[in-house]
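Raw target.txt, compact mmCIF, C-alpha atoms (C1' of nucleotides):
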```txt
# COMPACT_ATOMS: atom_id res chain seq x y z
CA MET A 874 29.42 35.68 -53.26
CA PRO A 875 25.64 35.15 -53.66
CA LEU A 876 23.18 38.01 -53.71
CA ASN A 877 21.53 38.47 -50.34
CA LEU A 878 17.90 38.04 -51.39
CA ARG A 879 15.17 38.27 -48.78
CA TRP A 880 11.54 39.19 -48.30
CA GLN A 881 10.79 42.65 -47.15
CA ILE A 882 7.55 44.22 -45.97
CA VAL A 883 6.85 47.34 -47.97
CA PHE A 884 3.93 49.68 -47.61
CA PHE A 885 2.49 50.93 -50.86
CA SER A 886 0.30 53.96 -50.28
CA PRO A 887 -2.63 54.19 -52.68
CA TYR A 888 -2.01 57.95 -52.75
CA PRO A 889 0.78 60.08 -54.15
CA PHE A 890 3.14 61.27 -51.44
CA ASN A 891 1.85 64.79 -50.93
CA MET A 892 -1.72 64.30 -52.03
CA GLN A 893 -4.23 66.91 -50.99
CA HIS A 894 -7.12 64.92 -49.62
CA HIS A 895 -10.46 65.93 -50.94
CA LEU A 896 -12.55 68.06 -48.64
CA ASP A 897 -16.26 67.77 -49.24
CA PRO A 898 -18.83 70.39 -48.15
CA VAL A 899 -19.30 68.67 -44.79
CA ASP A 900 -15.57 68.84 -44.03
CA LEU A 901 -15.43 72.47 -45.06
CA GLU A 902 -18.36 73.40 -42.87
CA ILE A 903 -16.82 71.60 -39.90
CA LEU A 904 -13.56 73.48 -40.41
CA ARG A 905 -15.41 76.76 -40.79
CA LEU A 906 -17.29 76.22 -37.55
CA LEU A 907 -14.38 74.90 -35.49
CA GLN A 908 -12.15 77.77 -36.58
CA LYS A 909 -14.69 80.08 -34.98
CA ASP A 910 -15.59 77.99 -31.96
CA ALA A 911 -13.97 74.70 -31.13
CA THR A 912 -16.13 74.20 -28.05
CA LEU A 913 -19.02 73.14 -30.27
CA ASN A 914 -19.66 69.53 -29.44
CA ASN A 915 -20.45 66.70 -31.81
CA LYS A 916 -24.14 66.86 -31.07
CA GLU A 917 -24.36 70.56 -31.96
CA LEU A 918 -22.26 70.09 -35.07
CA ALA A 919 -24.34 67.10 -36.12
CA PHE A 920 -27.47 69.21 -35.84
CA LYS A 921 -26.03 72.08 -37.85
CA LEU A 922 -24.79 69.70 -40.54
CA ASN A 923 -27.77 67.35 -40.65
CA LYS A 924 -25.48 64.41 -40.03
CA SER A 925 -25.21 61.85 -37.27
CA ILE A 926 -22.99 62.36 -34.26
CA ALA A 927 -20.86 59.40 -35.30
CA THR A 928 -20.29 60.89 -38.73
CA VAL A 929 -19.19 64.22 -37.33
CA HIS A 930 -16.91 62.42 -34.92
CA GLU A 931 -15.28 60.44 -37.71
CA ARG A 932 -14.88 63.52 -39.92
CA ILE A 933 -13.13 65.47 -37.20
CA ARG A 934 -10.88 62.52 -36.40
CA ARG A 935 -9.82 62.41 -40.04
CA LEU A 936 -9.34 66.15 -40.33
CA LYS A 937 -6.97 65.99 -37.38
CA GLU A 938 -5.20 62.88 -38.61
CA GLN A 939 -4.67 64.33 -42.06
CA GLY A 940 -3.32 67.53 -40.53
CA TYR A 941 -5.97 70.00 -41.63
CA ILE A 942 -6.62 70.77 -37.98
CA GLN A 943 -3.19 71.41 -36.50
CA ARG A 944 -4.34 72.05 -32.98
CA ILE A 945 -7.12 73.36 -30.76
CA VAL A 946 -6.07 76.26 -28.58
CA ALA A 947 -7.40 78.83 -26.15
CA ILE A 948 -7.08 82.42 -27.34
CA LEU A 949 -6.50 84.79 -24.44
CA ASP A 950 -7.32 88.46 -24.08
CA ARG A 951 -3.80 89.83 -24.30
CA LYS A 952 -4.65 93.04 -22.47
CA LYS A 953 -5.88 91.07 -19.46
CA ILE A 954 -2.55 89.28 -19.25
CA ASN A 955 -0.61 92.49 -19.59
CA ARG A 956 0.55 92.40 -23.19
CA ASN A 957 -0.56 95.89 -23.99
CA LEU A 958 2.07 96.68 -26.56
CA ILE A 959 2.42 94.94 -29.88
CA ALA A 960 5.33 95.89 -32.06
CA PHE A 961 6.34 94.87 -35.54
CA SER A 962 10.11 94.86 -35.78
CA HIS A 963 11.79 94.89 -39.15
CA VAL A 964 15.19 93.29 -38.89
CA PHE A 965 18.07 93.75 -41.29
CA LEU A 966 21.01 91.36 -41.14
CA LYS A 967 24.62 92.11 -41.98
CA ALA A 968 25.12 88.91 -43.92
CA HIS A 969 22.85 86.44 -45.66
CA THR A 970 24.63 83.14 -45.68
CA ALA A 971 22.51 80.09 -44.92
CA GLU A 972 24.35 79.82 -41.65
CA THR A 973 23.63 83.41 -40.64
CA LEU A 974 19.96 83.05 -41.43
CA VAL A 975 19.52 79.81 -39.55
CA GLU A 976 21.38 81.12 -36.54
CA PHE A 977 19.24 84.23 -36.39
CA GLU A 978 16.03 82.22 -36.74
CA THR A 979 17.07 79.78 -34.06
CA GLU A 980 18.08 82.41 -31.55
CA VAL A 981 15.19 84.79 -32.11
CA ALA A 982 12.67 81.99 -31.70
CA LYS A 983 13.93 81.47 -28.16
CA PHE A 984 12.83 84.92 -27.02
CA SER A 985 9.51 84.72 -25.25
CA GLU A 986 8.52 88.20 -26.47
CA VAL A 987 8.64 87.00 -30.08
CA MET A 988 5.23 85.70 -31.08
CA GLU A 989 5.99 85.40 -34.77
CA CYS A 990 9.02 85.53 -37.02
CA PHE A 991 8.91 85.59 -40.80
CA GLN A 992 11.69 85.76 -43.29
CA MET A 993 10.64 88.25 -45.94
CA THR A 994 11.22 89.30 -49.48
CA GLY A 995 12.19 92.87 -50.16
CA ALA A 996 13.31 95.76 -48.06
CA TYR A 997 14.07 93.96 -44.80
CA ASP A 998 15.08 90.43 -43.91
CA PHE A 999 12.73 89.48 -41.10
CA ILE A 1000 9.57 90.79 -39.59
CA LEU A 1001 8.86 89.98 -35.95
CA ARG A 1002 5.71 90.43 -33.98
CA ILE A 1003 6.66 91.32 -30.43
CA ALA A 1004 4.29 91.31 -27.47
CA THR A 1005 5.32 93.11 -24.31
CA SER A 1006 3.63 94.85 -21.41
CA ASP A 1007 4.78 98.34 -22.30
CA MET A 1008 7.32 100.46 -24.10
CA ASP A 1009 9.94 100.13 -21.38
CA THR A 1010 9.82 96.38 -21.64
CA TYR A 1011 10.05 96.56 -25.40
CA HIS A 1012 13.04 98.82 -25.07
CA LEU A 1013 14.78 96.33 -22.80
CA PHE A 1014 13.97 93.50 -25.18
CA LEU A 1015 15.42 95.45 -28.07
CA ARG A 1016 18.60 96.48 -26.31
CA ASN A 1017 19.35 93.37 -24.31
CA LYS A 1018 18.04 90.64 -26.53
CA LEU A 1019 17.31 91.40 -30.16
CA ALA A 1020 20.11 93.86 -30.83
CA THR A 1021 22.68 91.62 -29.20
CA LEU A 1022 22.19 88.78 -31.67
CA PRO A 1023 25.16 88.39 -33.99
CA ASN A 1024 24.68 89.71 -37.52
CA VAL A 1025 21.75 91.95 -36.68
CA SER A 1026 22.44 95.15 -38.54
CA THR A 1027 19.37 97.33 -38.02
CA VAL A 1028 16.00 97.06 -36.37
CA GLN A 1029 13.09 99.32 -37.20
CA SER A 1030 10.23 99.24 -34.73
CA PHE A 1031 6.61 99.99 -35.46
CA PHE A 1032 3.94 99.98 -32.81
CA VAL A 1033 0.30 99.04 -32.92
CA LEU A 1034 -2.05 101.90 -32.11
CA SER A 1035 -5.19 99.85 -32.52
CA GLU A 1036 -6.19 96.39 -33.55
CA THR A 1037 -8.94 96.66 -36.12
CA LYS A 1038 -9.21 93.07 -37.20
CA SER A 1039 -7.56 89.99 -35.79
CA ASP A 1040 -8.70 86.67 -37.11
CA THR A 1041 -7.27 83.17 -36.87
CA ALA A 1042 -10.02 81.72 -39.06
CA TYR A 1043 -9.44 81.40 -42.78
CA PRO A 1044 -12.61 81.74 -44.87
CA LEU A 1045 -13.43 78.44 -46.59
CA MET B 608 -43.09 120.39 -5.06
CA PRO B 609 -41.78 117.59 -2.82
CA LEU B 610 -38.62 115.68 -3.59
CA ASN B 611 -39.40 112.34 -5.20
CA LEU B 612 -37.68 110.08 -2.70
CA ARG B 613 -37.81 106.34 -3.29
CA TRP B 614 -35.91 103.18 -2.61
CA GLN B 615 -33.74 101.94 -5.35
CA ILE B 616 -31.91 98.68 -5.77
CA VAL B 617 -28.28 99.37 -6.43
CA PHE B 618 -25.53 96.87 -7.02
CA PHE B 619 -22.27 97.74 -5.34
CA SER B 620 -19.47 95.73 -6.82
CA PRO B 621 -16.75 94.91 -4.33
CA TYR B 622 -14.28 95.54 -7.14
CA PRO B 623 -13.27 98.67 -9.00
CA PHE B 624 -14.80 98.81 -12.44
CA ASN B 625 -11.89 97.59 -14.51
CA MET B 626 -10.13 95.53 -11.92
CA GLN B 627 -7.66 92.97 -13.03
CA HIS B 628 -8.69 89.85 -11.19
CA HIS B 629 -5.89 88.11 -9.46
CA LEU B 630 -4.52 85.06 -11.20
CA ASP B 631 -2.92 82.54 -8.90
CA PRO B 632 -0.38 79.91 -10.01
CA VAL B 633 -3.14 77.42 -10.73
CA ASP B 634 -4.94 79.82 -13.07
CA LEU B 635 -1.69 80.66 -14.82
CA GLU B 636 -0.81 77.03 -15.36
CA ILE B 637 -4.28 76.32 -16.75
CA LEU B 638 -3.94 79.22 -19.17
CA ARG B 639 -0.45 78.10 -20.16
CA LEU B 640 -1.67 74.59 -20.90
CA LEU B 641 -4.88 75.54 -22.70
CA GLN B 642 -3.06 78.01 -24.90
CA LYS B 643 -0.99 75.09 -26.15
CA ASP B 644 -3.71 72.44 -26.25
CA ALA B 645 -7.31 73.13 -25.43
CA THR B 646 -8.32 69.51 -25.98
CA LEU B 647 -6.86 68.62 -22.58
CA ASN B 648 -9.79 67.52 -20.49
CA ASN B 649 -10.44 68.35 -16.87
CA LYS B 650 -9.18 65.01 -15.68
CA GLU B 651 -5.83 65.46 -17.39
CA LEU B 652 -5.52 69.04 -16.18
CA ALA B 653 -6.46 67.99 -12.65
CA PHE B 654 -3.69 65.41 -12.70
CA LYS B 655 -1.09 67.88 -13.98
CA LEU B 656 -2.12 70.45 -11.39
CA ASN B 657 -2.65 68.15 -8.43
CA LYS B 658 -6.16 69.47 -7.98
CA SER B 659 -9.59 67.91 -8.15
CA ILE B 660 -11.56 67.75 -11.37
CA ALA B 661 -14.21 70.03 -9.89
CA THR B 662 -11.63 72.64 -9.01
CA VAL B 663 -10.22 72.69 -12.50
CA HIS B 664 -13.72 72.90 -13.89
CA GLU B 665 -14.56 75.88 -11.72
CA ARG B 666 -11.29 77.66 -12.51
CA ILE B 667 -11.83 77.35 -16.24
CA ARG B 668 -15.42 78.53 -15.93
CA ARG B 669 -14.19 81.65 -14.15
CA LEU B 670 -11.36 82.29 -16.57
CA LYS B 671 -13.90 82.28 -19.40
CA GLU B 672 -16.43 84.34 -17.51
CA GLN B 673 -13.84 86.96 -16.58
CA GLY B 674 -12.69 87.13 -20.16
CA TYR B 675 -9.16 85.80 -19.83
CA ILE B 676 -10.06 83.04 -22.24
CA GLN B 677 -11.68 84.78 -25.19
CA ARG B 678 -12.40 81.72 -27.22
CA ILE B 679 -11.33 78.19 -28.10
CA VAL B 680 -10.53 77.70 -31.77
CA ALA B 681 -9.14 75.21 -34.24
CA ILE B 682 -5.91 76.28 -35.90
CA LEU B 683 -5.67 74.95 -39.45
CA ASP B 684 -2.64 74.17 -41.57
CA ARG B 685 -2.90 77.07 -43.99
CA LYS B 686 -0.94 75.33 -46.70
CA LYS B 687 -3.39 72.43 -46.73
CA ILE B 688 -6.25 74.84 -47.35
CA ASN B 689 -4.38 76.63 -50.08
CA ARG B 690 -3.21 79.78 -48.38
CA ASN B 691 0.35 79.50 -49.56
CA LEU B 692 1.12 83.18 -49.72
CA ILE B 693 1.22 85.49 -46.74
CA ALA B 694 1.82 89.14 -47.39
CA PHE B 695 2.29 92.09 -45.11
CA SER B 696 0.86 95.16 -46.75
CA HIS B 697 1.83 98.59 -45.49
CA VAL B 698 -0.92 101.04 -46.27
CA PHE B 699 -0.56 104.82 -46.48
CA LEU B 700 -3.68 106.96 -46.46
CA LYS B 701 -4.16 110.32 -48.15
CA ALA B 702 -5.95 111.87 -45.20
CA HIS B 703 -6.11 111.13 -41.51
CA THR B 704 -9.42 112.45 -40.27
CA ALA B 705 -11.28 110.26 -37.82
CA GLU B 706 -13.81 109.65 -40.56
CA THR B 707 -11.20 108.53 -43.07
CA LEU B 708 -9.61 106.14 -40.61
CA VAL B 709 -12.87 104.57 -39.54
CA GLU B 710 -14.03 104.15 -43.10
CA PHE B 711 -10.81 102.45 -44.10
CA GLU B 712 -10.93 100.14 -41.10
CA THR B 713 -14.52 99.22 -41.72
CA GLU B 714 -14.07 98.49 -45.40
CA VAL B 715 -10.80 96.63 -45.15
CA ALA B 716 -12.16 94.36 -42.44
CA LYS B 717 -14.76 93.10 -44.90
CA PHE B 718 -12.18 91.60 -47.24
CA SER B 719 -11.83 87.88 -46.60
CA GLU B 720 -8.14 87.96 -47.56
CA VAL B 721 -7.38 90.30 -44.64
CA MET B 722 -6.57 88.25 -41.58
CA GLU B 723 -5.33 91.16 -39.50
CA CYS B 724 -5.38 94.91 -39.65
CA PHE B 725 -3.47 97.20 -37.30
CA GLN B 726 -3.28 100.92 -37.20
CA MET B 727 0.35 101.81 -36.63
CA THR B 728 2.65 104.51 -35.39
CA GLY B 729 5.35 105.77 -37.65
CA ALA B 730 6.13 105.38 -41.29
CA TYR B 731 2.88 103.90 -42.52
CA ASP B 732 -0.71 104.05 -41.36
CA PHE B 733 -1.84 100.45 -41.36
CA ILE B 734 -0.27 97.06 -41.61
CA LEU B 735 -2.36 94.23 -42.99
CA ARG B 736 -1.66 90.54 -42.98
CA ILE B 737 -3.06 89.07 -46.17
CA ALA B 738 -3.52 85.36 -46.86
CA THR B 739 -4.04 84.22 -50.43
CA SER B 740 -3.40 81.11 -52.48
CA ASP B 741 -0.72 82.64 -54.66
CA MET B 742 0.77 85.79 -56.12
CA ASP B 743 -1.85 86.12 -58.84
CA THR B 744 -4.59 86.11 -56.28
CA TYR B 745 -2.75 88.65 -54.18
CA HIS B 746 -2.35 90.82 -57.22
CA LEU B 747 -6.07 90.70 -57.91
CA PHE B 748 -6.82 91.50 -54.28
CA LEU B 749 -4.49 94.49 -54.41
CA ARG B 750 -5.83 95.88 -57.68
CA ASN B 751 -9.50 95.14 -57.32
CA LYS B 752 -10.06 95.48 -53.61
CA LEU B 753 -7.43 97.19 -51.50
CA ALA B 754 -6.30 99.84 -53.97
CA THR B 755 -9.88 100.79 -54.81
CA LEU B 756 -10.70 101.89 -51.27
CA PRO B 757 -11.09 105.65 -51.02
CA ASN B 758 -8.18 107.54 -49.44
CA VAL B 759 -5.68 104.75 -49.94
CA SER B 760 -2.56 106.52 -51.14
CA THR B 761 0.14 103.85 -51.36
CA VAL B 762 0.48 100.17 -50.59
CA GLN B 763 3.83 98.48 -50.11
CA SER B 764 3.73 94.71 -50.20
CA PHE B 765 6.13 92.35 -48.49
CA PHE B 766 5.94 88.60 -48.85
CA VAL B 767 6.73 85.82 -46.44
CA LEU B 768 9.50 83.54 -47.61
CA SER B 769 9.39 81.31 -44.58
CA GLU B 770 7.57 81.11 -41.29
CA THR B 771 10.15 80.59 -38.57
CA LYS B 772 7.96 80.99 -35.53
CA SER B 773 4.23 81.31 -35.26
CA ASP B 774 2.72 81.20 -31.83
CA THR B 775 -0.70 82.11 -30.47
CA ALA B 776 0.34 81.31 -26.89
CA TYR B 777 1.65 84.08 -24.68
CA PRO B 778 4.21 82.93 -22.10
CA LEU B 779 2.82 83.32 -18.57
C1' DC C 101 -27.26 46.30 -66.28
C1' DT C 102 -26.20 43.40 -62.53
C1' DT C 103 -23.07 41.92 -59.17
C1' DT C 104 -19.42 42.82 -56.14
C1' DA C 105 -16.49 45.58 -53.52
C1' DT C 106 -15.70 49.84 -51.14
C1' DT C 107 -16.79 53.69 -48.71
C1' DT C 108 -19.71 56.40 -45.97
C1' DC C 109 -23.10 56.72 -42.69
C1' DC C 110 -26.07 55.64 -38.80
C1' DG C 111 -28.12 54.19 -34.19
C1' DA C 112 -27.33 52.15 -30.03
C1' DA C 113 -24.23 50.44 -26.39
C1' DA C 114 -20.34 51.30 -23.65
C1' DA C 115 -16.85 54.19 -21.87
C1' DT C 116 -15.54 58.49 -20.55
C1' DT C 117 -16.15 63.19 -19.20
C1' DA C 118 -18.63 67.41 -17.68
C1' DT C 119 -21.46 69.41 -14.34
C1' DT C 120 -23.66 69.98 -10.03
C1' DC C 121 -23.87 70.03 -5.17
C1' DA C 122 -23.43 69.62 -0.16
C1' DG C 123 -20.23 69.69 3.01
C1' DA C 124 -15.10 69.79 4.49
C1' DA C 125 -11.01 72.37 4.64
C1' DA C 126 -8.57 76.52 4.37
C1' DA C 127 -8.10 81.36 4.46
C1' DA C 128 -9.42 85.84 5.63
C1' DT C 129 -11.70 88.96 8.77
C1' DA C 130 -13.42 90.52 12.92
C1' DT D 245 -10.63 82.77 19.27
C1' DA D 246 -14.93 83.12 16.77
C1' DT D 247 -17.01 84.15 12.46
C1' DT D 248 -17.42 84.75 7.81
C1' DT D 249 -15.90 83.91 3.27
C1' DT D 250 -13.65 81.46 -0.10
C1' DT D 251 -11.78 77.43 -2.06
C1' DC D 252 -11.64 72.71 -2.58
C1' DT D 253 -13.25 67.94 -2.70
C1' DG D 254 -15.62 63.43 -3.67
C1' DA D 255 -19.63 61.50 -5.16
C1' DA D 256 -23.97 61.55 -7.80
C1' DT D 257 -25.96 62.71 -12.03
C1' DA D 258 -26.22 64.42 -16.62
C1' DA D 259 -24.13 64.78 -20.89
C1' DT D 260 -20.79 63.64 -24.32
C1' DT D 261 -17.40 60.87 -26.68
C1' DT D 262 -16.05 56.71 -28.64
C1' DT D 263 -16.76 52.26 -30.51
C1' DC D 264 -18.89 48.97 -33.41
C1' DG D 265 -21.96 46.08 -36.29
C1' DG D 266 -24.49 46.55 -39.89
C1' DA D 267 -27.36 49.55 -43.33
C1' DA D 268 -27.23 52.65 -47.11
C1' DA D 269 -24.91 54.75 -50.77
C1' DT D 270 -21.36 54.92 -54.06
C1' DA D 271 -17.87 53.09 -57.08
C1' DA D 272 -15.80 49.31 -59.64
C1' DA D 273 -15.93 45.10 -62.02
C1' DG D 274 -18.02 41.60 -64.65
```
Can you give me the file's structure in the form of structure tokens?
Amino acid sequence: MPLNLRWQIVFFSPYPFNMQHHLDPVDLEILRLLQKDATLNNKELAFKLNKSIATVHERIRRLKEQGYIQRIVAILDRKKINRNLIAFSHVFLKAHTAETLVEFETEVAKFSEVMECFQMTGAYDFILRIATSDMDTYHLFLRNKLATLPNVSTVQSFFVLSETKSDTAYPL
Amino acid sequence: MPLNLRWQIVFFSPYPFNMQHHLDPVDLEILRLLQKDATLNNKELAFKLNKSIATVHERIRRLKEQGYIQRIVAILDRKKINRNLIAFSHVFLKAHTAETLVEFETEVAKFSEVMECFQMTGAYDFILRIATSDMDTYHLFLRNKLATLPNVSTVQSFFVLSETKSDTAYPL
DNA sequence: CTTTATTTCCGAAAATTATTCAGAAAAATA
DNA sequence: TATTTTTCTGAATAATTTTCGGAAATAAAG
């Protein structure tokens, strides 16, 4: 039986698979500015950067394409939409098999009260950031949702008294 | 001595001082969508909402003016900008006078590694979310910055192994 | 060091979108 | 029902985004 030889179209990237693209000072300044205020338009950015509008446009396109900018979002005032209570919930599981962990992560992510979920090193397994309207609502969430998940052993709840600093922008 | 009677221009707001403005289903849907993707333009929103472009425009203007939308920002991929390590640091203070608390809050907010700082109920005084490139950098931050603040008694550090859910959008 | 190729940058045209506005429709109030 | 107030709309205008050909700058090759 003969070897089945044929042509094949193959894409050779000029870059290593996980290459970090190089960010020059212009890119960094764009990221800095857009992290603070993404309503700045190309004209304003061009002025601040001493570049042309077309250049700014192309830079931003690339920063999005390459994944530096994940998304542009509106940040709401949580108190105006009735999320007055923020809790950090430390969760301890009964078991730590891969299966247990994945199941917990999958289920907890479905709860709308859960804004963030991190698996942690150290004293507890997961830390959750929970946003609810008030303590009663948190209580219901804890009893009827979080505590009912299989393999949840203990939950310790800590509540935010005041928000001193809250920043989505990384310094660059 | 006669009473000094004069006319005075006074603004009577038709609303109580801290009134929560009413959000109708259109407002809520706009907020829902913009929390996920603020690059949606008025035309696209108008189509999704079955409203005119001008209506959408006016709604968004009001939502910003009334403070529901605090700001529009770019969310970056932290790993691409070399923030591979996220730590939650529980901080215990030696004293709890108003002065001590304010001083800590003020100073800690100045550190670029500190993304968030919350004063908490319960077992510890503050929880910080720290973003650094790696463990060495965190270590330096802890030794040279956080631990040197006056009145810091103890810091317990917990590190993120994996980020299961991370959402800036509140369900509405 | 010069030539050639590659990348980045720019201005101007074209396409698209934001903003304004006067009046229509709808809703609330009297 | 009449009147006022609010919301909504389409169309005009202003502003912005996007595209594109070629210039400038940079890197690579001869």
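All C-alpha atoms of chain A, paired in order with those of chain B and superposed by least squares, deviate by 0.5 Å RMSD.
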Tell me, counting only C-alpha atoms (C1' of nucleotides), for each residue of chain C within 12 Å of chain B, which pair of atoms is nearest and how far apart they are in Å to one decimal, in rows ordered by chain and increasing number, as JSON lines.
```
{"residue": "C:DT116", "atom": "C1'", "partner": "B:Lys650", "partner_atom": "CA", "distance": 10.3}
{"residue": "C:DT117", "atom": "C1'", "partner": "B:Asn648", "partner_atom": "CA", "distance": 7.8}
{"residue": "C:DA118", "atom": "C1'", "partner": "B:His664", "partner_atom": "CA", "distance": 8.3}
{"residue": "C:DT119", "atom": "C1'", "partner": "B:His664", "partner_atom": "CA", "distance": 8.5}
{"residue": "C:DT120", "atom": "C1'", "partner": "B:Ala661", "partner_atom": "CA", "distance": 9.5}
{"residue": "C:DC121", "atom": "C1'", "partner": "B:Ala661", "partner_atom": "CA", "distance": 10.8}
```
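Residues lying within 12 Å of B:Arg750, counting all atoms listed in the file and ignoring same-chain neighbours fewer than 6 positions away, are Asp743, Thr744, Leu756, Val759, Thr761 and Val762 of chain B.
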Write out as a PDB file with C-alpha atoms (C1' of nucleotides), in the frame of the given file every residue belonging to chain D that has an atom at most 9 Å from any atom of chain B, counting all atoms listed in the file.
```
ATOM      1  C1'  DT D 251     -11.780  77.430  -2.060  1.00  0.00           C
ATOM      2  C1'  DC D 252     -11.640  72.710  -2.580  1.00  0.00           C
ATOM      3  C1'  DT D 253     -13.250  67.940  -2.700  1.00  0.00           C
ATOM      4  C1'  DG D 254     -15.620  63.430  -3.670  1.00  0.00           C
TER       5       DG D 254
END
```
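Our summary of the geometry notes that atom CA of B:Glu710 is positioned 9.3 Å from atom CA of B:Asn758.
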*Would you list the contacts of B:Thr728 as JSON, numbers by chain, taking every protein, DNA or RNA residue within 8 Å and counting all atoms listed in the file, but skipping same-chain residues closer than 2 positions in sequence?*
{"A": [1031, 1032, 1033, 1034], "B": [726, 730, 731, 732]}
*asked:* Can you work out which residues from chain B touch chain A at a cut-off of 7 Å (counting all atoms listed in the file) and hand them back as an NGL selection string?
replied: :B and (627 or 641-646 or 674-684 or 687 or 712 or 716 or 719 or 722-729 or 765-775 or 778)
_I'd like to know which of B:Asn751, B:Phe699, B:Met742, B:Ile637 is closest to B:Arg668, using only C-alpha atoms._
B:Ile637
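You can rank A:Val899, A:Leu974, A:Pro1023, A:Glu917 by their closest distance to D:DT260 using all atoms listed in the file, and at the top of that list sits A:Glu917.
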*Tell me, as JSON, numbers by chain, which residues lie within 8 Å of stretch 104-112 of chain C, counting all atoms listed in the file; anything in the same chain fewer than 5 positions away does not count.*
{"A": [925, 927, 928], "D": [267, 268, 269, 270, 271, 272, 273]}
_Please return as a VMD selection string every residue within 6 Å of (-14.4, 81.6, 4.5), taking into account all atoms listed in the file and the file's own coordinates._
chain D and resid 248 to 250
Emit a file covering stretch 684-734 of chain B of the preceding structure with C-alpha atoms, as an mmCIF file, in the first residue's frame.
```cif
data_model
loop_
_atom_site.group_PDB
_atom_site.id
_atom_site.type_symbol
_atom_site.label_atom_id
_atom_site.label_comp_id
_atom_site.auth_asym_id
_atom_site.auth_seq_id
_atom_site.Cartn_x
_atom_site.Cartn_y
_atom_site.Cartn_z
ATOM 1 C CA ASP B 684 -5.877 40.883 30.666
ATOM 2 C CA ARG B 685 -3.783 41.065 33.813
ATOM 3 C CA LYS B 686 -1.575 38.154 32.832
ATOM 4 C CA LYS B 687 -0.566 39.902 29.617
ATOM 5 C CA ILE B 688 0.602 42.911 31.601
ATOM 6 C CA ASN B 689 2.490 40.781 34.055
ATOM 7 C CA ARG B 690 0.226 40.737 37.069
ATOM 8 C CA ASN B 691 0.362 37.003 37.539
ATOM 9 C CA LEU B 692 -0.073 36.953 41.275
ATOM 10 C CA ILE B 693 -3.165 38.095 43.099
ATOM 11 C CA ALA B 694 -3.078 38.067 46.860
ATOM 12 C CA PHE B 695 -5.686 38.799 49.467
ATOM 13 C CA SER B 696 -4.018 40.319 52.483
ATOM 14 C CA HIS B 697 -5.835 40.406 55.793
ATOM 15 C CA VAL B 698 -4.557 43.277 57.857
ATOM 16 C CA PHE B 699 -4.836 43.618 61.635
ATOM 17 C CA LEU B 700 -4.182 46.999 63.222
ATOM 18 C CA LYS B 701 -2.766 47.661 66.676
ATOM 19 C CA ALA B 702 -5.231 50.428 67.455
ATOM 20 C CA HIS B 703 -8.629 51.404 66.162
ATOM 21 C CA THR B 704 -8.997 55.109 66.729
ATOM 22 C CA ALA B 705 -10.592 57.083 63.923
ATOM 23 C CA GLU B 706 -7.196 58.637 63.333
ATOM 24 C CA THR B 707 -5.430 55.290 63.035
ATOM 25 C CA LEU B 708 -7.996 53.965 60.595
ATOM 26 C CA VAL B 709 -7.933 57.020 58.376
ATOM 27 C CA GLU B 710 -4.164 57.108 58.318
ATOM 28 C CA PHE B 711 -3.955 53.470 57.320
ATOM 29 C CA GLU B 712 -6.554 53.911 54.599
ATOM 30 C CA THR B 713 -4.845 56.968 53.220
ATOM 31 C CA GLU B 714 -1.395 55.439 53.128
ATOM 32 C CA VAL B 715 -2.374 52.045 51.801
ATOM 33 C CA ALA B 716 -4.349 53.595 48.968
ATOM 34 C CA LYS B 717 -1.142 55.163 47.691
ATOM 35 C CA PHE B 718 0.506 51.821 46.990
ATOM 36 C CA SER B 719 0.170 50.931 43.319
ATOM 37 C CA GLU B 720 0.023 47.210 44.132
ATOM 38 C CA VAL B 721 -3.206 47.713 46.102
ATOM 39 C CA MET B 722 -6.148 47.341 43.772
ATOM 40 C CA GLU B 723 -8.770 47.285 46.495
ATOM 41 C CA CYS B 724 -8.997 48.022 50.174
ATOM 42 C CA PHE B 725 -12.000 47.279 52.359
ATOM 43 C CA GLN B 726 -12.524 47.852 56.003
ATOM 44 C CA MET B 727 -14.188 44.742 57.375
ATOM 45 C CA THR B 728 -16.297 43.424 60.188
ATOM 46 C CA GLY B 729 -15.029 40.530 62.185
ATOM 47 C CA ALA B 730 -11.748 38.759 62.478
ATOM 48 C CA TYR B 731 -9.494 41.219 60.698
ATOM 49 C CA ASP B 732 -9.597 44.949 60.090
ATOM 50 C CA PHE B 733 -8.914 45.317 56.405
ATOM 51 C CA ILE B 734 -8.793 43.101 53.377
#
```
